[in-house]
Amino acid sequence: MHPTEALIRRYYDAFNAGNWDGMLACLAEDVAHDVNQGDRQVGRDAFAAFLRHMEQCYREQLRDIVVMVDATGTRAAAEFVVEGEYLHTDEGLPEAAGQRYTLPAGAFLEVRDGRIARLSMAYNLRDWMRQVGG
């Protein structure tokens with residue numbers, strides 16, 4: 001297995017275990033996080049704040065994870081299915097009432113010096129809103 005694939009799998013394994021410190025350890029200090037249909041957030045501290053917010057509003061597990069890595073190991077993509085529960089109303093989104101959702105999603109990643117330097121998320125927000133009743 002390519003070291004970049006191993007890094008990304010370690011990152012998503014930590015996600016599924018709720019191990020935020022393990023996820024953060026996979027990230028470059030200046031990681032750029034492109035939130036789906038949102039702004040770019042920069043830095044590990046900003047990512048940690050994002051994780052705290054997500055933990056408050058959502059409970060999610062990823063399944064069917066497929067990781068693809070380019071020949072240089074500096075670019076990768078991951079595709080997966082998100083199984084989630086909407087726990088607490090997120091600002092600007094429909095009211096939360098424990099709705100469950102299943103959502104195909106993906107990420108584009110850049111790796112530098114053995115750490116994830118960019119993470120760009122992609123999923124269909126309209127599909128998610130339809131599933132939670134928005």
# chains A, B, ... in the order shown; residues from 1 in each chain; ligands from 1
call {"tool": "residues_around", "arguments": {"residues": "Ala117 in chain A", "least_positions_apart": "3", "cutoff": "10 Å", "atoms": "only C-alpha atoms", "output": "PyMOL selection string"}}
result
chain A and resi 26-33+42-44+74-75+109-114
call {"tool": "write_last_selection", "arguments": {"atoms": "C-alpha atoms", "output": "CSV table (one decimal), in the first residue's frame"}}
result
chain,number,residue,atom,x,y,z
A,26,CYS,CA,-2.7,13.3,10.0
A,27,LEU,CA,-3.0,17.0,9.1
A,28,ALA,CA,-0.3,19.5,8.2
A,29,GLU,CA,-0.3,22.5,10.6
A,30,ASP,CA,-1.4,24.8,7.8
A,31,VAL,CA,-4.0,22.4,6.4
A,32,ALA,CA,-6.5,24.0,4.0
A,33,HIS,CA,-10.0,22.6,4.5
A,42,VAL,CA,-6.9,27.2,7.2
A,43,GLY,CA,-4.9,25.6,10.0
A,44,ARG,CA,-5.2,22.6,12.3
A,74,THR,CA,0.9,14.1,-3.5
A,75,ARG,CA,-2.7,14.0,-4.7
A,109,LEU,CA,-6.6,15.6,-0.9
A,110,GLU,CA,-3.2,17.0,-1.2
A,111,VAL,CA,-0.3,15.4,0.8
A,112,ARG,CA,2.9,17.2,1.7
A,113,ASP,CA,5.7,15.8,3.9
A,114,GLY,CA,3.5,12.8,5.0
call {"tool": "residues_around", "arguments": {"residues": "range 1-12 of chain A", "least_positions_apart": "3", "cutoff": "7 Å", "atoms": "only C-alpha atoms", "output": "VMD selection string"}}
result
chain A and resid 15 to 16 23 26 67 69 73
call {"tool": "select_by_dssp", "arguments": {"residues": "chain A", "states": "alpha helix (DSSP H)", "output": "number ranges by chain"}}
result
A: 3-17, 20-25, 44-57, 125-132
call {"tool": "closest_residue", "arguments": {"among": "A:Asp13, A:Glu85, A:Asp34, A:Glu91", "to": "His53 in chain A", "atoms": "only C-alpha atoms"}}
result
A:Glu91
call {"tool": "closest_residue", "arguments": {"among": "A:Val132, A:Ile65, A:Ala46, A:Leu24", "to": "Ala96 in chain A", "atoms": "only C-alpha atoms"}}
result
A:Val132
call {"tool": "residues_around", "arguments": {"residues": "Thr89 in chain A", "least_positions_apart": "2", "cutoff": "12 Å", "atoms": "only C-alpha atoms", "output": "list in words"}}
result
His53, Met54, Glu55, Gln56, Cys57, Tyr58, Glu85, Tyr86, Leu87, Glu91, Gly92, Leu93, Pro94, Glu95, Ala96, Ala97, Gly98, Gln99, Val132 and Gly134 of chain A
call {"tool": "residues_around", "arguments": {"residues": "Gln37 in chain A", "least_positions_apart": "5", "cutoff": "10 Å", "atoms": "only C-alpha atoms", "output": "ChimeraX atom specification"}}
result
/A:121-125
